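Chemist: Take a look at this one; I'll ask things after.
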Amino acid sequence: MMKQQLPNPRRRGIETLIHIIVWGIVIGFPFLMMTRSGFNISLADYLRHGSSSTLSFFLVFYINYCLLIPRYLFEGRIRQYLLLNILLIACVTAGVHFWQEYAFHTYAKADGEGQRHIGPPKWIFIMRDFFSMILTVGLSAAIRLSGRWVQVEAARREAEKSRTEAE
């Protein structure tokens with residue numbers, strides 16, 4: 001019989017630090033790229049235009065990390081895990097783009113043509129966000145699986161130690 005392991009405070013601290021670093025990168029990356037390109041971006045502009053994408057990554061990451069990975073991936077229900085992730089990513093991506101169209105009016109009136117889209121085609125941004133969310137899912141799975149691997153390895157060492165002592 002394997003005894004239930006209590007969470008290691010050191011491991012929990014490292015896990016928390018990893019989350020802080022990852023979200024610092026996700027939130028700070030637009031600022032870094034804009035300043036390197038010679039553009040200035042204020043915090044208000046970022047919150048107005050970039051927060052919906054960041055919140056969507058946060059949502060996808062933690063739904064995976066806290067719900068889908070333990071209930072489906074760790075239980076060996078990989079097909080359901082993949083299907084639920086595709087559905088989650090598609091819904092969140094569509095929601096973000098509908099929100100951005102509604103909130104920021106990315107269409108402008110053209111002369112006599114009704115509405116015309118400003119900038120690159122919409123599908124480029126949708127695909128960018130879709131693939132970015134796939135990477136977010138991969139990151140959450142990698143962090144969760146590495147933590148699980150450490151637990152399994154510690155349990156294996158403990159079982160080996162117990163077996164050696166019993167011999």
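Naming works like this for the structure tokens: A, B, ... for the chains as they're shown, residue 1 at the start of each chain, ligands 1 onward in shown order.
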Using only C-alpha atoms, which protein or nucleic acid residues come within 12 Å of stretch 8-19 of chain A? Drop anything in the same chain fewer than 2 positions from it, and give the result as a list in words.

Modeler: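 Those residues are Gln5, Leu6, Ile21, Val22, Trp23, Gly24, Ile25, Val26, Phe58, Phe61, Tyr62, Tyr65, Leu139, Ser140, Ala142, Ile143, Arg144, Leu145, Ser146, Gly147, Arg148, Val150, Gln151 and Ala154 of chain A.
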
Chemist: Just asking: which residues within stretch 49-95 of chain A are alpha helix (DSSP H) according to DSSP, as a PyMOL selection string?

Modeler: chain A and resi 49+51-63+78-95

Chemist: Of the candidates A:Leu59, A:Ile78, A:Ile124, A:Ala159, which one gets nearest to A:Gly95 if we count only C-alpha atoms?

Modeler: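 Selected residue with least distance to A:Gly95: A:Leu59.
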
Chemist: Calculate how many Å separate atom CA of A:Ala141 from atom CA of A:Lys122, rounding to one decimal.

Modeler: 28.9 Å

Chemist: Would you please work out which residue, of A:Ile69, A:Leu55, A:Ile20, A:Val152, is nearest to A:Gly138 when using only C-alpha atoms?

Modeler: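 When distances to A:Gly138 are compared using only C-alpha atoms, the smallest one comes from A:Ile69.
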
Chemist: Report, in Å with one decimal, the straight-line distance from atom CA of A:Ser52 to atom CA of A:Ala90.

Modeler: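 Here the two named atoms are 15.0 Å from each other.
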
Chemist: One decimal, Å: what's the distance from atom CA of A:Glu165 over to atom CA of A:Glu153, could you say?

Modeler: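 Those two atoms sit 18.3 Å apart.
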
Chemist: Within 12 Å of A:Cys91, counting only C-alpha atoms, which residues show up once you throw out same-chain ones fewer than 3 positions away? Write them as a ChimeraX atom specification, please.

Modeler: /A:56,59-60,84-88,94-99,126,129-130,133

Chemist: How would the residues just chosen look if you wrote them out with N, CA and C atoms as an mmCIF file, in the first residue's frame?

Modeler:
```cif
data_model
loop_
_atom_site.group_PDB
_atom_site.id
_atom_site.type_symbol
_atom_site.label_atom_id
_atom_site.label_comp_id
_atom_site.auth_asym_id
_atom_site.auth_seq_id
_atom_site.Cartn_x
_atom_site.Cartn_y
_atom_site.Cartn_z
ATOM 1 N N SER A 56 -7.453 35.342 -21.819
ATOM 2 C CA SER A 56 -7.821 34.084 -22.482
ATOM 3 C C SER A 56 -6.726 33.035 -22.283
ATOM 4 N N LEU A 59 -7.082 31.793 -18.736
ATOM 5 C CA LEU A 59 -8.235 30.906 -18.628
ATOM 6 C C LEU A 59 -7.919 29.518 -19.179
ATOM 7 N N VAL A 60 -7.359 29.455 -20.375
ATOM 8 C CA VAL A 60 -7.030 28.166 -20.999
ATOM 9 C C VAL A 60 -5.979 27.425 -20.169
ATOM 10 N N LEU A 84 -11.715 17.990 -25.616
ATOM 11 C CA LEU A 84 -12.106 19.108 -24.754
ATOM 12 C C LEU A 84 -11.183 20.311 -24.938
ATOM 13 N N ASN A 85 -9.900 20.062 -25.167
ATOM 14 C CA ASN A 85 -8.970 21.175 -25.399
ATOM 15 C C ASN A 85 -9.257 21.873 -26.719
ATOM 16 N N ILE A 86 -9.534 21.113 -27.757
ATOM 17 C CA ILE A 86 -9.861 21.735 -29.047
ATOM 18 C C ILE A 86 -11.125 22.575 -28.914
ATOM 19 N N LEU A 87 -12.119 22.026 -28.226
ATOM 20 C CA LEU A 87 -13.363 22.761 -28.006
ATOM 21 C C LEU A 87 -13.120 24.016 -27.159
ATOM 22 N N LEU A 88 -12.358 23.887 -26.093
ATOM 23 C CA LEU A 88 -12.034 25.028 -25.231
ATOM 24 C C LEU A 88 -11.297 26.112 -26.007
ATOM 25 N N ALA A 94 -12.794 32.236 -30.379
ATOM 26 C CA ALA A 94 -13.948 32.923 -30.967
ATOM 27 C C ALA A 94 -14.455 34.015 -30.027
ATOM 28 N N GLY A 95 -14.521 33.713 -28.741
ATOM 29 C CA GLY A 95 -14.982 34.702 -27.775
ATOM 30 C C GLY A 95 -14.103 35.941 -27.730
ATOM 31 N N VAL A 96 -12.800 35.731 -27.770
ATOM 32 C CA VAL A 96 -11.864 36.869 -27.751
ATOM 33 C C VAL A 96 -12.056 37.735 -28.987
ATOM 34 N N HIS A 97 -12.207 37.116 -30.143
ATOM 35 C CA HIS A 97 -12.328 37.915 -31.365
ATOM 36 C C HIS A 97 -13.687 38.600 -31.486
ATOM 37 N N PHE A 98 -14.745 37.945 -31.000
ATOM 38 C CA PHE A 98 -16.035 38.632 -30.964
ATOM 39 C C PHE A 98 -15.982 39.805 -29.997
ATOM 40 N N TRP A 99 -15.333 39.614 -28.852
ATOM 41 C CA TRP A 99 -15.196 40.692 -27.870
ATOM 42 C C TRP A 99 -14.401 41.857 -28.456
ATOM 43 N N ILE A 126 -6.876 35.243 -35.807
ATOM 44 C CA ILE A 126 -7.555 34.092 -35.208
ATOM 45 C C ILE A 126 -6.605 32.903 -35.161
ATOM 46 N N ASP A 129 -3.861 33.445 -32.487
ATOM 47 C CA ASP A 129 -4.341 33.189 -31.131
ATOM 48 C C ASP A 129 -4.626 31.714 -30.904
ATOM 49 N N PHE A 130 -5.158 31.028 -31.910
ATOM 50 C CA PHE A 130 -5.445 29.598 -31.787
ATOM 51 C C PHE A 130 -4.153 28.831 -31.516
ATOM 52 N N MET A 133 -2.704 29.545 -28.098
ATOM 53 C CA MET A 133 -3.407 28.827 -27.027
ATOM 54 C C MET A 133 -3.018 27.349 -27.009
#
```
